[in-house]
Structure formats: structure tokens, C-alpha cells
>>> print(open('coords_37.pdb').read())   # PDB, C-alpha atoms, pLDDT in the B column
ATOM      1  CA  MET A 373      -2.698   4.836   9.581  1.00 96.00           C
ATOM      2  CA  LEU A 374       0.140   3.038   7.817  1.00 95.00           C
ATOM      3  CA  ILE A 375       1.018   1.402   4.546  1.00 96.00           C
ATOM      4  CA  ASN A 376       1.560  -2.072   5.958  1.00 95.00           C
ATOM      5  CA  ASP A 377       2.334  -4.404   3.079  1.00 94.00           C
ATOM      6  CA  TRP A 378       2.326  -4.287  -0.728  1.00 95.00           C
ATOM      7  CA  LEU A 379       2.910  -6.675  -3.584  1.00 96.00           C
ATOM      8  CA  PRO A 380       4.503  -4.830  -6.529  1.00 97.00           C
ATOM      9  CA  ASN A 381       5.634  -7.872  -8.529  1.00 97.00           C
ATOM     10  CA  PRO A 382       3.195 -10.770  -8.165  1.00 96.00           C
ATOM     11  CA  ILE A 383       3.652 -14.111  -9.855  1.00 94.00           C
ATOM     12  CA  GLY A 384       1.570 -13.791 -13.027  1.00 93.00           C
ATOM     13  CA  SER A 385      -0.295 -10.675 -14.115  1.00 92.00           C
ATOM     14  CA  ASP A 386       0.610  -7.428 -12.342  1.00 93.00           C
ATOM     15  CA  THR A 387      -2.815  -6.010 -13.217  1.00 92.00           C
ATOM     16  CA  GLU A 388      -4.604  -8.888 -11.507  1.00 93.00           C
ATOM     17  CA  GLY A 389      -2.161  -9.640  -8.705  1.00 95.00           C
ATOM     18  CA  GLU A 390      -0.873  -6.338  -7.285  1.00 96.00           C
ATOM     19  CA  TRP A 391      -2.275  -5.074  -3.986  1.00 96.00           C
ATOM     20  CA  VAL A 392      -1.602  -2.673  -1.118  1.00 97.00           C
ATOM     21  CA  GLU A 393      -2.568  -3.309   2.489  1.00 96.00           C
ATOM     22  CA  LEU A 394      -3.204  -0.428   4.903  1.00 96.00           C
ATOM     23  CA  PHE A 395      -3.308  -0.770   8.696  1.00 95.00           C
ATOM     24  CA  ASN A 396      -5.062   1.511  11.156  1.00 96.00           C
ATOM     25  CA  ASP A 397      -2.672   1.818  14.086  1.00 95.00           C
ATOM     26  CA  GLY A 398      -4.762   4.555  15.736  1.00 95.00           C
ATOM     27  CA  GLU A 399      -8.380   5.162  16.651  1.00 95.00           C
ATOM     28  CA  GLY A 400     -11.322   4.412  14.356  1.00 95.00           C
ATOM     29  CA  ILE A 401     -11.245   6.674  11.319  1.00 95.00           C
ATOM     30  CA  SER A 402     -13.236   7.636   8.239  1.00 96.00           C
ATOM     31  CA  LEU A 403     -11.127   7.528   5.081  1.00 96.00           C
ATOM     32  CA  ALA A 404     -13.300  10.049   3.219  1.00 96.00           C
ATOM     33  CA  GLY A 405     -10.914  12.357   1.367  1.00 96.00           C
ATOM     34  CA  TRP A 406      -7.872  10.154   2.016  1.00 97.00           C
ATOM     35  CA  ARG A 407      -5.761   9.013  -0.953  1.00 97.00           C
ATOM     36  CA  LEU A 408      -2.982   6.605  -1.813  1.00 98.00           C
ATOM     37  CA  GLU A 409      -0.540   7.743  -4.481  1.00 98.00           C
ATOM     38  CA  ASN A 410       2.181   5.898  -6.354  1.00 97.00           C
ATOM     39  CA  ASP A 411       5.580   7.387  -7.202  1.00 94.00           C
ATOM     40  CA  ALA A 412       4.362   8.329 -10.698  1.00 95.00           C
ATOM     41  CA  GLY A 413       1.663  10.591  -9.194  1.00 95.00           C
ATOM     42  CA  LYS A 414      -1.301   8.290  -9.921  1.00 97.00           C
ATOM     43  CA  LYS A 415      -3.872   8.375  -7.133  1.00 96.00           C
ATOM     44  CA  VAL A 416      -6.702   6.363  -5.703  1.00 96.00           C
ATOM     45  CA  PHE A 417      -9.133   7.986  -3.293  1.00 96.00           C
ATOM     46  CA  LEU A 418     -10.191   5.735  -0.443  1.00 94.00           C
ATOM     47  CA  GLY A 419     -13.789   6.977  -0.466  1.00 87.00           C
ATOM     48  CA  GLY A 420     -16.250   6.602   2.357  1.00 82.00           C
ATOM     49  CA  ARG A 421     -14.638   3.562   3.949  1.00 88.00           C
ATOM     50  CA  SER A 422     -14.045   3.499   7.682  1.00 94.00           C
ATOM     51  CA  LEU A 423     -11.457   1.513   9.612  1.00 95.00           C
ATOM     52  CA  GLU A 424     -11.602   0.618  13.266  1.00 96.00           C
ATOM     53  CA  SER A 425      -8.472   0.541  15.399  1.00 96.00           C
ATOM     54  CA  GLY A 426      -6.335  -2.480  14.451  1.00 95.00           C
ATOM     55  CA  GLU A 427      -8.226  -3.076  11.201  1.00 96.00           C
ATOM     56  CA  TYR A 428      -6.627  -3.732   7.793  1.00 95.00           C
ATOM     57  CA  LEU A 429      -7.782  -2.638   4.334  1.00 95.00           C
ATOM     58  CA  THR A 430      -6.528  -4.350   1.173  1.00 95.00           C
ATOM     59  CA  LEU A 431      -6.680  -2.429  -2.089  1.00 95.00           C
ATOM     60  CA  HIS A 432      -6.386  -4.619  -5.203  1.00 96.00           C
ATOM     61  CA  ARG A 433      -5.053  -3.084  -8.415  1.00 96.00           C
ATOM     62  CA  SER A 434      -7.808  -4.851 -10.365  1.00 94.00           C
ATOM     63  CA  LYS A 435     -10.274  -2.511  -8.593  1.00 94.00           C
ATOM     64  CA  THR A 436      -8.189   0.625  -7.878  1.00 95.00           C
ATOM     65  CA  LYS A 437      -6.264   0.709 -11.192  1.00 96.00           C
ATOM     66  CA  LEU A 438      -3.234   1.941  -9.182  1.00 96.00           C
ATOM     67  CA  PRO A 439      -0.100   0.403 -10.751  1.00 97.00           C
ATOM     68  CA  LEU A 440       2.946  -0.403  -8.609  1.00 97.00           C
ATOM     69  CA  ARG A 441       6.538  -0.272  -9.829  1.00 96.00           C
ATOM     70  CA  ASN A 442       8.652  -3.399  -9.891  1.00 96.00           C
ATOM     71  CA  GLN A 443      11.834  -1.282  -9.803  1.00 96.00           C
ATOM     72  CA  ASP A 444      12.575   1.544  -7.317  1.00 97.00           C
ATOM     73  CA  GLY A 445       8.946   1.740  -6.140  1.00 96.00           C
ATOM     74  CA  GLY A 446       7.247   4.077  -3.710  1.00 97.00           C
ATOM     75  CA  LEU A 447       3.828   4.735  -2.167  1.00 98.00           C
ATOM     76  CA  PHE A 448       2.432   7.750  -0.313  1.00 98.00           C
ATOM     77  CA  LEU A 449      -0.629   7.969   1.946  1.00 98.00           C
ATOM     78  CA  TYR A 450      -2.347  11.350   2.414  1.00 98.00           C
ATOM     79  CA  ASN A 451      -5.132  12.296   4.820  1.00 96.00           C
ATOM     80  CA  ASP A 452      -8.250  14.319   4.004  1.00 95.00           C
ATOM     81  CA  ALA A 453      -6.329  17.582   4.611  1.00 97.00           C
ATOM     82  CA  GLY A 454      -3.708  16.609   2.008  1.00 97.00           C
ATOM     83  CA  GLN A 455      -0.999  15.943   4.618  1.00 98.00           C
ATOM     84  CA  LEU A 456       1.456  13.135   3.971  1.00 98.00           C
ATOM     85  CA  ILE A 457       0.768  10.549   6.682  1.00 97.00           C
ATOM     86  CA  HIS A 458       3.046   7.689   5.621  1.00 97.00           C
ATOM     87  CA  GLN A 459       5.446   6.881   2.806  1.00 96.00           C
ATOM     88  CA  VAL A 460       7.358   3.764   1.861  1.00 96.00           C
ATOM     89  CA  SER A 461       9.840   3.035  -0.909  1.00 96.00           C
ATOM     90  CA  PHE A 462      12.381   0.467  -2.020  1.00 96.00           C
ATOM     91  CA  LYS A 463      15.444   0.609  -4.254  1.00 96.00           C
ATOM     92  CA  GLY A 464      16.305  -2.044  -6.791  1.00 96.00           C
ATOM     93  CA  SER A 465      14.045  -4.767  -8.171  1.00 96.00           C
ATOM     94  CA  ALA A 466      11.090  -6.269  -6.330  1.00 96.00           C
ATOM     95  CA  PRO A 467      11.450 -10.060  -6.239  1.00 97.00           C
ATOM     96  CA  GLU A 468       8.602 -11.864  -7.965  1.00 96.00           C
ATOM     97  CA  GLY A 469       5.932 -13.060  -5.543  1.00 96.00           C
ATOM     98  CA  LYS A 470       7.356 -11.213  -2.503  1.00 96.00           C
ATOM     99  CA  SER A 471       5.558  -8.396  -0.724  1.00 95.00           C
ATOM    100  CA  PHE A 472       7.276  -5.345   0.757  1.00 96.00           C
ATOM    101  CA  SER A 473       6.253  -5.885   4.376  1.00 93.00           C
ATOM    102  CA  ARG A 474       6.379  -3.814   7.543  1.00 92.00           C
ATOM    103  CA  SER A 475       7.788  -5.080  10.810  1.00 90.00           C
ATOM    104  CA  GLY A 476       7.834  -2.263  13.348  1.00 88.00           C
ATOM    105  CA  ASP A 477       9.482   0.654  11.559  1.00 86.00           C
ATOM    106  CA  ARG A 478      11.345  -1.501   9.024  1.00 91.00           C
ATOM    107  CA  PHE A 479      10.298  -2.839   5.624  1.00 93.00           C
ATOM    108  CA  PHE A 480      11.689  -5.852   3.803  1.00 92.00           C
ATOM    109  CA  PHE A 481      10.662  -8.288   1.050  1.00 95.00           C
ATOM    110  CA  ALA A 482       8.996 -11.420   2.428  1.00 93.00           C
ATOM    111  CA  GLU A 483       6.309 -13.997   1.747  1.00 91.00           C
ATOM    112  CA  PRO A 484       2.960 -12.168   1.501  1.00 89.00           C
ATOM    113  CA  THR A 485       0.835 -12.330   4.636  1.00 77.00           C
ATOM    114  CA  GLN A 486      -2.270 -10.946   2.914  1.00 61.00           C
ATOM    115  CA  GLU A 487      -4.691 -13.277   1.171  1.00 50.00           C
ATOM    116  CA  ALA A 488      -4.476 -12.095  -2.443  1.00 44.00           C
TER     117      ALA A 488
END
>>> encode(input="coords_37.pdb", output="C-alpha cells")
Amino acid sequence: MLINDWLPNPIGSDTEGEWVELFNDGEGISLAGWRLENDAGKKVFLGGRSLESGEYLTLHRSKTKLPLRNQDGGLFLYNDAGQLIHQVSFKGSAPEGKSFSRSGDRFFFAEPTQEA
């Protein structure tokens, strides 16, 4: 399970436009007890959702209430045992309208691939 893509500085309202996309790179999994946390320690629990292998899950700030930083941002994904599974961060300012996107093991700002 990976943090795949996130939009910390959307064009327009951050509250309405921010999102995080997760990707299940392993076997099917229940996300009960899993959580996503921002670098300020705010958390969102992923609840009883399940993801099949190769499936994506988009979490919109308008529903999760999880704010993302536009400057020096970071996200952390924890499993149901509280173990850190994946973390991603960037230094500097997030360009408006660009998502922080994964390609292999690298992240960079690019045009969003997720349908916001």
C-alpha cells in the first residue's frame, strides 16, 4: 500500500480541492484500523474500506477534513498495527494545481492524474 499522488495546493479552495490518492501495490486488503496522517499529526482513519490488488482510493479533504501543507508537506500511512507503511514529503512550495506524484520510487510535481 502506497501514497501514490496528492494535491496539496489546488487551484481555488484548498478545503474543497485537496485530495490524496492511495494505491494498493500488494494483495487485496482491508483498511480497517489503517490511518493517514499529515505532518502536523492530524489523522484520518480509513475505516472498513477494502482495496483489491491494483486498486486506487482517493480521499478528498472535503470529506476527510485532513489538511495538506502547501509548504514543506508530508504524509504518513500506518497499518492497523500502527506500523509506518509509507511516507512521502516535499521541501519548498507546492506549485498551484500540481500534484505530488509517484513514478516508481520517485515523487515529483506534475499535472494531476486523478479526477478531482
>>> resolve_selection(input="coords_37.pdb", expression="the PyMOL selection byres ((chain A and resi 386) around 12)", output="MDAnalysis selection string")
chainID A and resid 379:385 387:391 432:434 437:442 468:469
>>> write_last_selection(input="coords_37.pdb", atoms="C-alpha atoms", output="compact mmCIF listing (two decimals), in the frame of the given file")
# COMPACT_ATOMS: atom_id res chain seq x y z
CA LEU A 379 2.91 -6.68 -3.58
CA PRO A 380 4.50 -4.83 -6.53
CA ASN A 381 5.63 -7.87 -8.53
CA PRO A 382 3.20 -10.77 -8.16
CA ILE A 383 3.65 -14.11 -9.86
CA GLY A 384 1.57 -13.79 -13.03
CA SER A 385 -0.30 -10.68 -14.12
CA THR A 387 -2.82 -6.01 -13.22
CA GLU A 388 -4.60 -8.89 -11.51
CA GLY A 389 -2.16 -9.64 -8.70
CA GLU A 390 -0.87 -6.34 -7.28
CA TRP A 391 -2.28 -5.07 -3.99
CA HIS A 432 -6.39 -4.62 -5.20
CA ARG A 433 -5.05 -3.08 -8.41
CA SER A 434 -7.81 -4.85 -10.36
CA LYS A 437 -6.26 0.71 -11.19
CA LEU A 438 -3.23 1.94 -9.18
CA PRO A 439 -0.10 0.40 -10.75
CA LEU A 440 2.95 -0.40 -8.61
CA ARG A 441 6.54 -0.27 -9.83
CA ASN A 442 8.65 -3.40 -9.89
CA GLU A 468 8.60 -11.86 -7.96
CA GLY A 469 5.93 -13.06 -5.54
>>> residues_around(input="coords_37.pdb", residues="Leu449 in chain A", least_positions_apart="4", cutoff="8 Å", atoms="all atoms listed in the file", output="ChimeraX atom specification")
/A:374-375,406-409,456-459
>>> residues_around(input="coords_37.pdb", residues="Lys470 in chain A", least_positions_apart="4", cutoff="7 Å", atoms="all atoms listed in the file", output="list of chain:residue names")
A:Leu379, A:Phe481, A:Ala482, A:Glu483, A:Pro484
>>> atom_distance(input="coords_37.pdb", atom1="CA of Gly405 in chain A", atom2="CA of Gly420 in chain A")
7.9 Å
>>> closest_residue(input="coords_37.pdb", among="A:Phe472, A:Phe480, A:Trp378, A:Phe448", to="Gly413 in chain A", atoms="only C-alpha atoms")
A:Phe448
